[in-house]
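Structure data follow from protein29.cif (mmCIF, C-alpha atoms):
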```
data_data
#
loop_
_atom_site.label_atom_id
_atom_site.label_comp_id
_atom_site.auth_asym_id
_atom_site.auth_seq_id
_atom_site.Cartn_x
_atom_site.Cartn_y
_atom_site.Cartn_z
CA MET O 1 0.00 0.00 0.00
CA ALA O 2 1.55 3.32 -1.03
CA LEU O 3 1.33 6.62 0.80
CA ILE O 4 -1.55 8.64 -0.59
CA PRO O 5 -0.43 11.99 -2.04
CA ASN O 6 -2.22 15.23 -1.17
CA ILE O 7 -4.63 13.60 1.26
CA THR O 8 -4.59 13.06 4.98
CA LEU O 9 -5.67 9.53 5.75
CA SER O 10 -5.95 9.64 9.51
CA ILE O 11 -6.64 6.03 10.29
CA LEU O 12 -7.79 3.00 8.39
CA TRP O 13 -9.30 0.01 10.14
CA GLN O 14 -10.37 -3.32 8.82
CA ALA O 15 -12.32 -5.35 11.32
CA LYS O 16 -13.67 -8.84 10.79
CA LEU O 17 -16.69 -8.55 13.06
CA THR O 18 -18.35 -11.84 12.23
CA LYS O 19 -17.98 -14.54 9.65
CA ILE O 20 -20.17 -12.44 7.33
CA ILE O 21 -19.49 -8.76 8.06
CA GLN O 22 -16.13 -7.12 7.56
CA LEU O 23 -15.64 -3.37 7.67
CA ILE O 24 -12.99 -1.07 6.38
CA ILE O 25 -13.19 2.38 7.97
CA ALA O 26 -11.29 5.25 6.39
CA ALA O 27 -11.17 8.71 7.98
CA VAL O 28 -10.24 11.36 5.42
CA TYR O 29 -9.43 15.03 5.30
CA LEU O 30 -9.48 16.44 1.79
CA GLN O 31 -7.74 19.66 0.84
CA SER O 32 -9.91 22.75 0.40
CA LEU O 33 -9.85 24.90 -2.69
CA ASN O 34 -8.29 27.86 -0.91
CA LYS O 35 -5.15 25.89 0.00
CA ASN O 36 -4.18 24.87 -3.51
CA THR O 37 -3.89 26.61 -6.87
CA ASN O 38 -4.75 23.33 -8.65
CA GLY O 39 -7.68 22.80 -6.30
CA ILE O 40 -10.16 20.89 -8.45
CA ASP O 41 -7.50 18.63 -9.98
CA THR O 42 -6.09 17.91 -6.52
CA TYR O 43 -9.57 17.19 -5.18
CA LYS O 44 -10.32 14.78 -8.03
CA SER O 45 -6.97 13.07 -7.40
CA GLN O 46 -7.79 12.70 -3.71
CA LEU O 47 -11.19 11.16 -4.52
CA ALA O 48 -9.45 8.78 -6.96
CA CYS O 49 -7.12 7.67 -4.14
CA ILE O 50 -10.10 6.93 -1.90
CA THR O 51 -11.73 5.02 -4.77
CA GLY O 52 -8.52 2.98 -5.00
CA ILE O 53 -8.78 2.09 -1.30
CA ILE O 54 -12.43 1.09 -1.72
CA ASN O 55 -11.57 -1.05 -4.75
CA GLN O 56 -8.58 -2.64 -3.00
CA PHE O 57 -10.71 -3.91 -0.11
CA ASN O 58 -14.12 -4.15 -1.81
CA SER O 59 -14.05 -7.92 -2.25
CA ILE O 60 -13.39 -8.53 1.45
CA ALA O 61 -14.95 -5.63 3.37
CA ASP O 62 -17.74 -3.04 3.35
CA PRO O 63 -16.34 0.51 3.43
CA ILE O 64 -17.29 3.29 5.80
CA ILE O 65 -15.68 6.52 4.57
CA LEU O 66 -15.93 9.49 6.92
CA GLY O 67 -14.39 12.88 7.41
CA ASP O 68 -14.00 16.36 5.96
CA PHE O 69 -14.82 16.32 2.25
CA GLN O 70 -14.72 20.15 1.89
CA SER O 71 -18.03 19.98 0.04
CA CYS O 72 -21.61 18.86 0.20
CA PRO O 73 -22.80 16.50 -2.53
CA ILE O 74 -25.81 17.38 -4.59
CA VAL O 75 -28.54 15.28 -2.95
CA HIS O 76 -32.08 15.95 -4.08
CA GLU O 77 -33.92 13.73 -1.61
CA SER O 78 -32.86 15.70 1.45
CA GLN O 79 -33.09 19.17 2.92
CA ARG O 80 -29.90 18.51 4.92
CA TYR O 81 -27.25 20.05 2.73
CA SER O 82 -25.56 23.32 2.02
CA PRO O 83 -25.48 25.03 -1.35
CA PRO O 84 -23.13 23.36 -3.83
CA ASN O 85 -19.60 24.66 -4.25
CA ALA O 86 -17.06 24.02 -7.04
CA LEU O 87 -16.31 20.57 -5.59
CA SER O 88 -19.91 19.33 -5.17
CA LYS O 89 -20.32 17.76 -8.60
CA HIS O 90 -17.04 15.84 -8.17
CA LEU O 91 -18.10 14.57 -4.75
CA SER O 92 -21.51 13.60 -6.14
CA LYS O 93 -19.85 11.67 -8.99
CA PHE O 94 -17.53 9.91 -6.49
CA ILE O 95 -20.54 8.87 -4.39
CA LEU O 96 -22.41 7.54 -7.42
CA GLU O 97 -19.42 5.68 -8.90
CA ASN O 98 -18.59 4.00 -5.58
CA ASN O 99 -22.22 3.17 -4.73
CA LEU O 100 -22.06 5.14 -1.46
CA LEU O 101 -24.84 6.64 0.66
CA PRO O 102 -24.09 9.89 2.51
CA ILE O 103 -26.09 8.75 5.53
CA ASP O 104 -25.55 11.92 7.54
CA ILE O 105 -27.42 13.82 4.83
CA THR O 106 -30.06 11.28 3.82
CA HIS O 107 -30.89 9.99 7.32
CA GLY O 108 -29.29 12.40 9.77
CA HIS O 109 -30.56 14.57 12.58
CA GLY O 110 -29.26 17.70 14.25
CA PRO O 111 -27.87 20.93 12.80
CA CYS O 112 -27.75 21.28 9.00
CA PHE O 113 -24.11 22.35 9.04
CA THR O 114 -20.89 20.73 10.19
CA TYR O 115 -18.49 23.65 9.78
CA HIS O 116 -18.90 27.12 11.17
CA HIS O 117 -16.29 29.84 11.01
CA LEU O 118 -15.39 30.98 14.49
CA THR O 119 -15.42 34.70 13.70
CA LEU O 120 -17.38 35.10 10.44
CA PRO O 121 -21.04 34.28 9.77
CA ASN O 122 -20.09 31.34 7.54
CA SER O 123 -21.28 27.75 7.87
CA SER O 124 -21.49 24.76 5.55
CA TYR O 125 -22.13 21.03 5.50
CA ILE O 126 -18.78 19.44 4.55
CA ASP O 127 -18.22 16.53 6.98
CA HIS O 128 -19.87 13.24 6.05
CA ILE O 129 -20.24 9.53 6.78
CA MET O 130 -20.64 7.39 3.67
CA ILE O 131 -21.51 3.70 3.49
CA GLN O 132 -22.47 1.20 0.83
CA PRO O 133 -26.10 0.00 0.75
CA SER O 134 -25.07 -3.39 2.20
CA LEU O 135 -24.59 -1.68 5.59
CA PHE O 136 -27.79 0.35 5.53
CA ASP O 137 -29.89 -2.27 7.35
CA PHE O 138 -27.47 -2.02 10.30
CA LEU O 139 -27.77 1.78 10.58
CA GLN O 140 -29.57 2.92 13.74
CA ASP O 141 -28.87 6.64 13.91
CA THR O 142 -26.83 9.38 12.30
CA ARG O 143 -26.56 12.89 13.63
CA VAL O 144 -24.61 16.09 13.67
CA LEU O 145 -24.06 16.98 17.32
CA ASP O 146 -25.22 20.39 18.47
CA PRO O 147 -22.58 23.05 19.10
CA ASP O 148 -21.61 23.45 22.74
CA PHE O 149 -18.93 25.09 24.84
CA ASP O 150 -16.83 21.89 25.00
CA ASN O 151 -16.25 21.92 21.25
CA THR O 152 -13.64 24.61 20.66
CA GLY O 153 -13.09 23.70 17.01
CA ASP O 154 -14.86 24.97 13.94
CA HIS O 155 -16.34 21.58 12.96
CA LEU O 156 -19.25 19.79 14.63
CA PRO O 157 -18.96 16.04 15.28
CA VAL O 158 -20.92 13.74 12.97
CA THR O 159 -21.86 10.39 14.49
CA GLY O 160 -23.22 7.14 13.13
CA SER O 161 -24.62 4.26 15.18
CA PHE O 162 -24.79 0.78 13.73
CA TYR O 163 -26.27 -2.37 15.21
CA LEU O 164 -23.99 -5.23 14.22
CA PRO O 165 -24.51 -8.90 15.01
CA THR O 166 -22.91 -9.89 18.28
CA SER O 167 -19.75 -11.84 17.73
CA SER O 168 -16.33 -11.02 19.06
CA PRO O 169 -13.94 -9.62 16.46
CA GLU O 170 -11.43 -12.12 15.15
CA THR O 171 -8.79 -9.86 13.65
CA ILE O 172 -8.24 -6.14 13.33
CA TYR O 173 -5.73 -4.71 10.88
CA HIS O 174 -4.62 -1.16 11.66
CA TYR O 175 -2.96 1.10 9.10
CA THR O 176 -1.78 4.63 9.88
CA ASP O 177 -0.26 7.50 7.91
CA ASP O 178 3.14 5.81 7.85
CA ILE O 179 1.48 2.70 6.38
CA GLU O 180 2.95 0.38 8.97
CA SER O 181 0.58 -2.31 10.09
CA ARG O 182 0.06 -4.31 13.19
CA TYR O 183 -2.23 -7.21 13.87
CA ILE O 184 -4.36 -7.53 16.97
CA ASP O 185 -6.10 -10.78 17.80
CA LEU O 186 -9.05 -10.33 20.13
#
```

Write out the structure in this file as structure tokens.
Amino acid sequence: MALIPNITLSILWQAKLTKIIQLIIAAVYLQSLNKNTNGIDTYKSQLACITGIINQFNSIADPIILGDFQSCPIVHESQRYSPPNALSKHLSKFILENNLLPIDITHGHGPCFTYHHLTLPNSSYIDHIMIQPSLFDFLQDTRVLDPDFDNTGDHLPVTGSFYLPTSSPETIYHYTDDIESRYIDL
């Protein structure tokens, strides 16, 4: 597995939860347009890297992709989104091509923004949790947590609750930014 250029891949887990369900969880932070002169090309490259991760593990695990996507996809069946920006059509295409559901938008609760500028009146919905339809039956709840005094950052937490069959995990593979791996038997 090679280091992914121009993308922060915080942590990547693969957990074999039962004999039937395996998950791969990727937390991402994509670069915003204002940090890069080749912003759209960089963004498309970052999405292509995530697609590569999904494709690499697709035959053995269901992906959960979550994090800061710097954009809100164009989703017509929900009122939970912010106006599209220059990246929205690329994120929407990525979601469609990878058969993902942005569950925080389609089934979420709570505030309709995940980012708010600390000093300017600016907010948007750019943090998401995306799953493939095979995991949808296990989804119990998705929400953006309300702002409170404990959260000193400019992003609101987005949570997803899943009910998975009870079986102790057999193996967890853990990959980090330096792409070293370790195996944990539980």

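Using only C-alpha atoms, the nearest neighbour of His155 in chain O within the list O:Ser123, O:Thr114, O:Ser82, O:Ser45 is O:Thr114.
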
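In this comparison, which uses all atoms listed in the file, the residue of O:Leu135, O:Ile105, O:Ile54, O:Leu47 approaching Thr159 in chain O most closely is O:Ile105.
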
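With distances restricted to only C-alpha atoms, O:Ala86 is the closest residue to Leu33 in chain O from O:Ala86, O:Arg143, O:Asn99, O:Asn58.
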
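In this model, the gap between CA of Asp148 in chain O and CA of Val28 in chain O comes to 24.0 Å.
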
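Picked out by the PyMOL selection byres ((chain O and resi 93) around 12) when it runs on this file: Lys44, Leu47, Ala48, Thr51, Cys72, Pro73, Ile74, Val75, Leu87, Ser88, Lys89, His90, Leu91, Ser92, Phe94, Ile95, Leu96, Glu97, Asn98, Asn99, Leu100 and Leu101 of chain O.
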
Those same residues, written as a PDB file, in the frame of the given file with C-alpha atoms?
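The resulting file, out.pdb, is reproduced below:
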```
ATOM      1  CA  LYS O  44     -10.320  14.780  -8.030  1.00  0.00           C
ATOM      2  CA  LEU O  47     -11.190  11.160  -4.520  1.00  0.00           C
ATOM      3  CA  ALA O  48      -9.450   8.780  -6.960  1.00  0.00           C
ATOM      4  CA  THR O  51     -11.730   5.020  -4.770  1.00  0.00           C
ATOM      5  CA  CYS O  72     -21.610  18.860   0.200  1.00  0.00           C
ATOM      6  CA  PRO O  73     -22.800  16.500  -2.530  1.00  0.00           C
ATOM      7  CA  ILE O  74     -25.810  17.380  -4.590  1.00  0.00           C
ATOM      8  CA  VAL O  75     -28.540  15.280  -2.950  1.00  0.00           C
ATOM      9  CA  LEU O  87     -16.310  20.570  -5.590  1.00  0.00           C
ATOM     10  CA  SER O  88     -19.910  19.330  -5.170  1.00  0.00           C
ATOM     11  CA  LYS O  89     -20.320  17.760  -8.600  1.00  0.00           C
ATOM     12  CA  HIS O  90     -17.040  15.840  -8.170  1.00  0.00           C
ATOM     13  CA  LEU O  91     -18.100  14.570  -4.750  1.00  0.00           C
ATOM     14  CA  SER O  92     -21.510  13.600  -6.140  1.00  0.00           C
ATOM     15  CA  PHE O  94     -17.530   9.910  -6.490  1.00  0.00           C
ATOM     16  CA  ILE O  95     -20.540   8.870  -4.390  1.00  0.00           C
ATOM     17  CA  LEU O  96     -22.410   7.540  -7.420  1.00  0.00           C
ATOM     18  CA  GLU O  97     -19.420   5.680  -8.900  1.00  0.00           C
ATOM     19  CA  ASN O  98     -18.590   4.000  -5.580  1.00  0.00           C
ATOM     20  CA  ASN O  99     -22.220   3.170  -4.730  1.00  0.00           C
ATOM     21  CA  LEU O 100     -22.060   5.140  -1.460  1.00  0.00           C
ATOM     22  CA  LEU O 101     -24.840   6.640   0.660  1.00  0.00           C
TER      23      LEU O 101
END
```

List the residues matched by the PyMOL selection byres ((chain O and resi 113) around 7) in the displayed structure as a short mmCIF file (atom, residue, chain, number, x, y, z; two decimals) with C-alpha atoms, in the frame of the given file, ordered by chain and then by residue number.
```
data_model
loop_
_atom_site.label_atom_id
_atom_site.label_comp_id
_atom_site.auth_asym_id
_atom_site.auth_seq_id
_atom_site.Cartn_x
_atom_site.Cartn_y
_atom_site.Cartn_z
CA PRO O 111 -27.87 20.93 12.80
CA CYS O 112 -27.75 21.28 9.00
CA THR O 114 -20.89 20.73 10.19
CA TYR O 115 -18.49 23.65 9.78
CA SER O 123 -21.28 27.75 7.87
CA SER O 124 -21.49 24.76 5.55
CA TYR O 125 -22.13 21.03 5.50
#
```

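One distance worth recording is that between CA of Gln70 in chain O and CA of Gly108 in chain O, which is 18.3 Å.
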
Could you add whatever atoms are missing so that range 151-162 of chain O carries all heavy atoms, then write the result as a PDB file, keeping the file's coordinate frame?
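After the write, result.pdb holds the following:
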```
ATOM      1  N   ASN O 151     -16.835  22.026  22.576  1.00  0.00           N
ATOM      2  CA  ASN O 151     -16.250  21.920  21.250  1.00  0.00           C
ATOM      3  C   ASN O 151     -15.625  23.257  20.870  1.00  0.00           C
ATOM      4  O   ASN O 151     -16.315  24.192  20.513  1.00  0.00           O
ATOM      5  CB  ASN O 151     -17.308  21.520  20.220  1.00  0.00           C
ATOM      6  CG  ASN O 151     -16.724  21.341  18.830  1.00  0.00           C
ATOM      7  OD1 ASN O 151     -15.513  21.399  18.632  1.00  0.00           O
ATOM      8  ND2 ASN O 151     -17.592  21.122  17.859  1.00  0.00           N
ATOM      9  N   THR O 152     -14.321  23.340  20.955  1.00  0.00           N
ATOM     10  CA  THR O 152     -13.640  24.610  20.660  1.00  0.00           C
ATOM     11  C   THR O 152     -13.201  24.700  19.212  1.00  0.00           C
ATOM     12  O   THR O 152     -12.641  25.705  18.802  1.00  0.00           O
ATOM     13  CB  THR O 152     -12.401  24.769  21.572  1.00  0.00           C
ATOM     14  OG1 THR O 152     -11.523  23.659  21.354  1.00  0.00           O
ATOM     15  CG2 THR O 152     -12.813  24.838  23.024  1.00  0.00           C
ATOM     16  N   GLY O 153     -13.466  23.677  18.417  1.00  0.00           N
ATOM     17  CA  GLY O 153     -13.090  23.700  17.010  1.00  0.00           C
ATOM     18  C   GLY O 153     -14.165  24.319  16.154  1.00  0.00           C
ATOM     19  O   GLY O 153     -15.225  24.728  16.629  1.00  0.00           O
ATOM     20  N   ASP O 154     -13.898  24.370  14.863  1.00  0.00           N
ATOM     21  CA  ASP O 154     -14.860  24.970  13.940  1.00  0.00           C
ATOM     22  C   ASP O 154     -15.704  23.921  13.205  1.00  0.00           C
ATOM     23  O   ASP O 154     -16.501  24.246  12.353  1.00  0.00           O
ATOM     24  CB  ASP O 154     -14.157  25.897  12.943  1.00  0.00           C
ATOM     25  CG  ASP O 154     -13.005  25.224  12.215  1.00  0.00           C
ATOM     26  OD1 ASP O 154     -12.784  24.016  12.401  1.00  0.00           O
ATOM     27  OD2 ASP O 154     -12.319  25.930  11.455  1.00  0.00           O
ATOM     28  N   HIS O 155     -15.533  22.648  13.544  1.00  0.00           N
ATOM     29  CA  HIS O 155     -16.340  21.580  12.960  1.00  0.00           C
ATOM     30  C   HIS O 155     -17.180  20.918  14.063  1.00  0.00           C
ATOM     31  O   HIS O 155     -16.727  20.771  15.190  1.00  0.00           O
ATOM     32  CB  HIS O 155     -15.460  20.500  12.323  1.00  0.00           C
ATOM     33  CG  HIS O 155     -14.788  20.956  11.076  1.00  0.00           C
ATOM     34  ND1 HIS O 155     -15.228  20.605   9.827  1.00  0.00           N
ATOM     35  CD2 HIS O 155     -13.698  21.733  10.885  1.00  0.00           C
ATOM     36  CE1 HIS O 155     -14.442  21.140   8.918  1.00  0.00           C
ATOM     37  NE2 HIS O 155     -13.503  21.837   9.533  1.00  0.00           N
ATOM     38  N   LEU O 156     -18.398  20.524  13.707  1.00  0.00           N
ATOM     39  CA  LEU O 156     -19.250  19.790  14.630  1.00  0.00           C
ATOM     40  C   LEU O 156     -19.053  18.290  14.404  1.00  0.00           C
ATOM     41  O   LEU O 156     -18.880  17.851  13.263  1.00  0.00           O
ATOM     42  CB  LEU O 156     -20.724  20.144  14.401  1.00  0.00           C
ATOM     43  CG  LEU O 156     -21.110  21.599  14.638  1.00  0.00           C
ATOM     44  CD1 LEU O 156     -22.587  21.805  14.318  1.00  0.00           C
ATOM     45  CD2 LEU O 156     -20.815  22.003  16.069  1.00  0.00           C
ATOM     46  N   PRO O 157     -19.089  17.495  15.454  1.00  0.00           N
ATOM     47  CA  PRO O 157     -18.960  16.040  15.280  1.00  0.00           C
ATOM     48  C   PRO O 157     -20.161  15.462  14.542  1.00  0.00           C
ATOM     49  O   PRO O 157     -21.303  15.878  14.746  1.00  0.00           O
ATOM     50  CB  PRO O 157     -18.915  15.516  16.717  1.00  0.00           C
ATOM     51  CG  PRO O 157     -18.586  16.694  17.565  1.00  0.00           C
ATOM     52  CD  PRO O 157     -19.121  17.897  16.854  1.00  0.00           C
ATOM     53  N   VAL O 158     -19.891  14.502  13.679  1.00  0.00           N
ATOM     54  CA  VAL O 158     -20.920  13.740  12.970  1.00  0.00           C
ATOM     55  C   VAL O 158     -20.800  12.310  13.475  1.00  0.00           C
ATOM     56  O   VAL O 158     -19.713  11.738  13.487  1.00  0.00           O
ATOM     57  CB  VAL O 158     -20.706  13.792  11.445  1.00  0.00           C
ATOM     58  CG1 VAL O 158     -21.796  13.007  10.726  1.00  0.00           C
ATOM     59  CG2 VAL O 158     -20.665  15.224  10.946  1.00  0.00           C
ATOM     60  N   THR O 159     -21.909  11.738  13.930  1.00  0.00           N
ATOM     61  CA  THR O 159     -21.860  10.390  14.490  1.00  0.00           C
ATOM     62  C   THR O 159     -22.757   9.442  13.695  1.00  0.00           C
ATOM     63  O   THR O 159     -23.736   9.869  13.084  1.00  0.00           O
ATOM     64  CB  THR O 159     -22.327  10.370  15.964  1.00  0.00           C
ATOM     65  OG1 THR O 159     -23.716  10.717  16.020  1.00  0.00           O
ATOM     66  CG2 THR O 159     -21.524  11.330  16.811  1.00  0.00           C
ATOM     67  N   GLY O 160     -22.405   8.185  13.731  1.00  0.00           N
ATOM     68  CA  GLY O 160     -23.220   7.140  13.130  1.00  0.00           C
ATOM     69  C   GLY O 160     -23.277   5.965  14.084  1.00  0.00           C
ATOM     70  O   GLY O 160     -22.255   5.561  14.627  1.00  0.00           O
ATOM     71  N   SER O 161     -24.452   5.433  14.320  1.00  0.00           N
ATOM     72  CA  SER O 161     -24.620   4.260  15.180  1.00  0.00           C
ATOM     73  C   SER O 161     -25.113   3.106  14.328  1.00  0.00           C
ATOM     74  O   SER O 161     -26.089   3.241  13.591  1.00  0.00           O
ATOM     75  CB  SER O 161     -25.632   4.537  16.286  1.00  0.00           C
ATOM     76  OG  SER O 161     -25.191   5.584  17.108  1.00  0.00           O
ATOM     77  N   PHE O 162     -24.427   1.976  14.475  1.00  0.00           N
ATOM     78  CA  PHE O 162     -24.790   0.780  13.730  1.00  0.00           C
ATOM     79  C   PHE O 162     -25.030  -0.353  14.718  1.00  0.00           C
ATOM     80  O   PHE O 162     -24.327  -0.482  15.703  1.00  0.00           O
ATOM     81  CB  PHE O 162     -23.654   0.369  12.775  1.00  0.00           C
ATOM     82  CG  PHE O 162     -23.392   1.378  11.701  1.00  0.00           C
ATOM     83  CD1 PHE O 162     -22.575   2.462  11.925  1.00  0.00           C
ATOM     84  CD2 PHE O 162     -23.967   1.232  10.459  1.00  0.00           C
ATOM     85  CE1 PHE O 162     -22.341   3.397  10.939  1.00  0.00           C
ATOM     86  CE2 PHE O 162     -23.737   2.150   9.455  1.00  0.00           C
ATOM     87  CZ  PHE O 162     -22.925   3.235   9.695  1.00  0.00           C
TER      88      PHE O 162
END
```
